[in-house]
$ cat structure.cif   # mmCIF, C-alpha atoms
data_coords
#
loop_
_atom_site.label_atom_id
_atom_site.label_comp_id
_atom_site.auth_asym_id
_atom_site.auth_seq_id
_atom_site.Cartn_x
_atom_site.Cartn_y
_atom_site.Cartn_z
CA MET M 1 -9.11 -2.79 -16.62
CA ASP M 2 -9.10 0.96 -16.16
CA VAL M 3 -5.57 2.23 -15.45
CA GLN M 4 -4.82 5.90 -14.85
CA ILE M 5 -1.43 7.57 -14.71
CA LYS M 6 -1.05 9.63 -11.53
CA GLU M 7 1.69 11.99 -10.35
CA LEU M 8 1.87 11.58 -6.57
CA GLU M 9 3.41 13.92 -4.03
CA SER M 10 5.67 12.39 -1.39
CA ARG M 11 3.93 11.92 1.95
CA LYS M 12 4.98 11.28 5.53
CA VAL M 13 3.62 8.18 7.22
CA ILE M 14 3.89 6.33 10.47
CA PHE M 15 4.13 2.58 9.99
CA VAL M 16 4.60 -0.88 11.41
CA ARG M 17 6.55 -3.39 9.31
CA HIS M 18 5.26 -6.93 8.85
CA ILE M 19 7.59 -9.66 7.64
CA GLY M 20 5.84 -12.78 6.41
CA PRO M 21 2.96 -13.72 4.12
CA TYR M 22 0.73 -10.86 2.96
CA PRO M 23 -2.45 -12.50 4.37
CA GLU M 24 -0.96 -12.16 7.87
CA CYS M 25 -0.32 -8.39 7.73
CA GLY M 26 -3.42 -7.65 9.83
CA LYS M 27 -1.21 -7.93 12.92
CA ALA M 28 0.79 -4.89 11.78
CA TRP M 29 -2.45 -2.91 11.32
CA GLU M 30 -3.59 -3.84 14.83
CA LYS M 31 -0.28 -2.68 16.36
CA LEU M 32 -0.30 0.57 14.36
CA CYS M 33 -3.90 1.49 15.15
CA MET M 34 -3.60 0.51 18.83
CA TRP M 35 -0.65 2.91 19.09
CA ALA M 36 -2.00 5.71 16.84
CA GLY M 37 -5.48 5.88 18.38
CA PRO M 38 -4.40 7.03 21.87
CA GLN M 39 -1.94 9.46 20.21
CA GLY M 40 -4.87 11.17 18.45
CA LEU M 41 -3.49 10.29 15.01
CA LEU M 42 -6.54 8.49 13.62
CA GLN M 43 -8.07 11.71 12.33
CA PRO M 44 -10.60 12.18 9.51
CA GLY M 45 -8.83 12.55 6.17
CA ILE M 46 -5.82 10.33 6.88
CA GLU M 47 -5.01 7.63 4.39
CA PHE M 48 -4.50 3.98 5.27
CA ILE M 49 -1.75 2.72 2.97
CA GLY M 50 -0.20 -0.70 2.53
CA LEU M 51 3.36 -0.51 1.23
CA CYS M 52 4.23 -3.70 -0.65
CA HIS M 53 7.96 -4.21 -0.98
CA ASP M 54 8.08 -7.71 -2.45
CA ASP M 55 6.53 -9.79 -5.23
CA PRO M 56 5.16 -13.01 -3.70
CA GLU M 57 5.93 -14.78 -7.00
CA ILE M 58 9.65 -14.12 -6.38
CA THR M 59 10.16 -13.61 -2.63
CA PRO M 60 9.57 -16.54 -0.25
CA ALA M 61 6.45 -15.90 1.87
CA GLU M 62 8.41 -15.79 5.13
CA ASN M 63 10.59 -12.94 3.78
CA ILE M 64 7.89 -10.67 2.32
CA ARG M 65 8.02 -7.09 3.66
CA TYR M 66 4.83 -5.04 4.07
CA ASP M 67 4.42 -1.71 5.87
CA ALA M 68 1.03 -0.83 7.37
CA CYS M 69 1.01 2.98 7.12
CA ILE M 70 -1.14 5.96 7.99
CA THR M 71 -0.44 9.45 6.70
CA THR M 72 0.37 12.14 9.22
CA GLU M 73 1.46 15.75 9.42
CA ALA M 74 2.28 15.40 13.12
CA ASP M 75 5.80 15.54 14.50
CA VAL M 76 6.02 11.85 15.42
CA GLN M 77 9.18 10.12 16.62
CA PRO M 78 9.89 6.43 16.03
CA GLU M 79 9.05 4.33 19.07
CA GLY M 80 9.49 0.56 19.36
CA GLU M 81 7.86 -1.03 16.32
CA ILE M 82 6.45 2.32 15.19
CA GLY M 83 8.50 3.89 12.42
CA VAL M 84 8.31 7.11 10.41
CA GLN M 85 9.13 7.33 6.72
CA THR M 86 8.44 9.41 3.63
CA LEU M 87 6.78 7.63 0.73
CA GLU M 88 8.36 8.72 -2.53
CA GLY M 89 6.20 10.56 -4.99
CA GLY M 90 6.43 10.43 -8.75
CA LEU M 91 4.67 8.65 -11.56
CA TYR M 92 2.35 5.74 -10.73
CA ALA M 93 -0.09 3.54 -12.62
CA MET M 94 -3.30 3.36 -10.59
CA SER M 95 -6.20 0.97 -10.87
CA THR M 96 -9.05 0.42 -8.44
CA HIS M 97 -9.46 -3.14 -7.18
CA TYR M 98 -12.92 -4.20 -6.06
CA GLY M 99 -13.33 -7.16 -3.73
CA SER M 100 -11.20 -9.42 -1.59
CA TYR M 101 -7.63 -8.52 -0.69
CA HIS M 102 -6.77 -12.15 -1.56
CA LYS M 103 -7.33 -11.29 -5.24
CA LEU M 104 -5.15 -8.15 -5.33
CA CYS M 105 -2.49 -10.23 -7.12
CA GLU M 106 -4.77 -10.26 -10.19
CA THR M 107 -4.76 -6.45 -10.32
CA TYR M 108 -0.97 -6.34 -9.95
CA ALA M 109 -0.54 -8.96 -12.68
CA ALA M 110 -2.74 -6.95 -15.05
CA ILE M 111 -0.89 -3.65 -14.38
CA CYS M 112 2.67 -5.03 -14.32
CA GLY M 113 2.38 -7.88 -16.78
CA GLN M 114 -0.02 -6.46 -19.34
CA TRP M 115 -0.79 -2.74 -19.08
CA ALA M 116 2.73 -1.40 -18.39
CA PRO M 117 4.55 -3.18 -21.25
CA ALA M 118 1.68 -2.56 -23.68
CA ASN M 119 1.84 1.17 -22.92
CA GLY M 120 5.61 1.67 -22.94
CA TYR M 121 6.22 1.76 -19.19
CA GLU M 122 8.63 -0.03 -16.90
CA ILE M 123 8.12 -0.66 -13.19
CA ARG M 124 10.34 1.57 -11.03
CA SER M 125 12.30 -0.05 -8.22
CA LEU M 126 10.04 1.25 -5.43
CA PRO M 127 7.35 -0.41 -3.36
CA SER M 128 3.80 -0.47 -4.69
CA MET M 129 1.09 1.15 -2.61
CA GLU M 130 -2.41 0.05 -1.73
CA ILE M 131 -4.65 2.86 -0.52
CA TYR M 132 -7.62 1.37 1.29
CA VAL M 133 -10.78 3.32 0.48
CA ASN M 134 -12.79 1.27 2.98
CA SER M 135 -12.00 -1.59 5.35
CA PRO M 136 -13.26 -5.01 6.40
CA GLU M 137 -14.61 -3.29 9.51
CA ASP M 138 -17.15 -1.28 7.49
CA ALA M 139 -17.69 -3.30 4.29
CA PRO M 140 -18.23 -6.96 3.36
CA GLU M 141 -15.27 -8.64 1.65
CA ASP M 142 -16.83 -8.45 -1.82
CA GLU M 143 -17.38 -4.67 -1.41
CA LEU M 144 -13.82 -3.74 -0.41
CA ILE M 145 -12.26 -0.96 -2.51
CA THR M 146 -8.49 -0.63 -2.87
CA ASP M 147 -6.62 1.81 -5.10
CA VAL M 148 -3.46 0.03 -6.29
CA TYR M 149 -0.51 2.27 -7.21
CA VAL M 150 2.47 0.80 -9.09
CA PRO M 151 5.54 3.03 -9.58
CA ILE M 152 6.30 3.46 -13.30
CA GLU M 153 8.58 5.26 -15.73
CA LYS M 154 8.60 5.59 -19.52
CA GLN M 155 10.80 3.06 -21.33
#

$ encode --input "structure.cif" --output "structure tokens"
Amino acid sequence: MDVQIKELESRKVIFVRHIGPYPECGKAWEKLCMWAGPQGLLQPGIEFIGLCHDDPEITPAENIRYDACITTEADVQPEGEIGVQTLEGGLYAMSTHYGSYHKLCETYAAICGQWAPANGYEIRSLPSMEIYVNSPEDAPEDELITDVYVPIEKQ
């Protein structure tokens, strides 16, 4: 597994929170994109980011929190289920996951359970981020590309 250490800048996002199993978070993406499209916020160059607050090995599936996010520079106000937040920057371990979203847990296990302790890092108490390079709308499941970012700090 190729893991790179990245220093990320904080970034402003609009988001919709999903509470429940990770495989059901598509509903949050639908709500976000249905709202953002007519607002003119689905511009070239934005990032589609999944913010993963909980470890499904620890948190019961019905309590898992996930934010479907898109980056924005616009002056957007929260409205209904649409929220605005700033994703914290700092040090992250990044690895690119190729293939199904259902196997992302393997990439997390390798970064958090193997790479981080072997390289003298601890996981910071922040959500992990998934930056979606492509989507199921334009690529088959086995060709999906996701950059996984896990917040870290030196031990």

$ resolve_selection --input "structure.cif" --expression "the PyMOL selection byres ((chain M and resi 65) around 9)" --output "MDAnalysis selection string"
chainID M and resid 17:22 51:54 62:64 66:67

$ atom_distance --input "structure.cif" --atom1 "atom CA of Leu42 of chain M" --atom2 "atom CA of Glu88 of chain M"
22.0 Å

$ resolve_selection --input "structure.cif" --expression "the PyMOL selection byres ((chain M and resi 148-154) around 8)" --output "number ranges by chain"
M: 90-97, 107-108, 111-112, 116, 120-131, 146-147, 155

$ closest_residue --input "structure.cif" --among "M:Gln77, M:Asn134, M:Thr59, M:Thr72" --to "Leu41 of chain M" --atoms "only C-alpha atoms"
M:Thr72

$ closest_residue --input "structure.cif" --among "M:Glu57, M:Ile70, M:Tyr132, M:Ala118" --to "Cys105 of chain M" --atoms "only C-alpha atoms"
M:Glu57

$ atom_distance --input "structure.cif" --atom1 "atom CA of Pro136 of chain M" --atom2 "atom CA of Trp115 of chain M"
28.5 Å
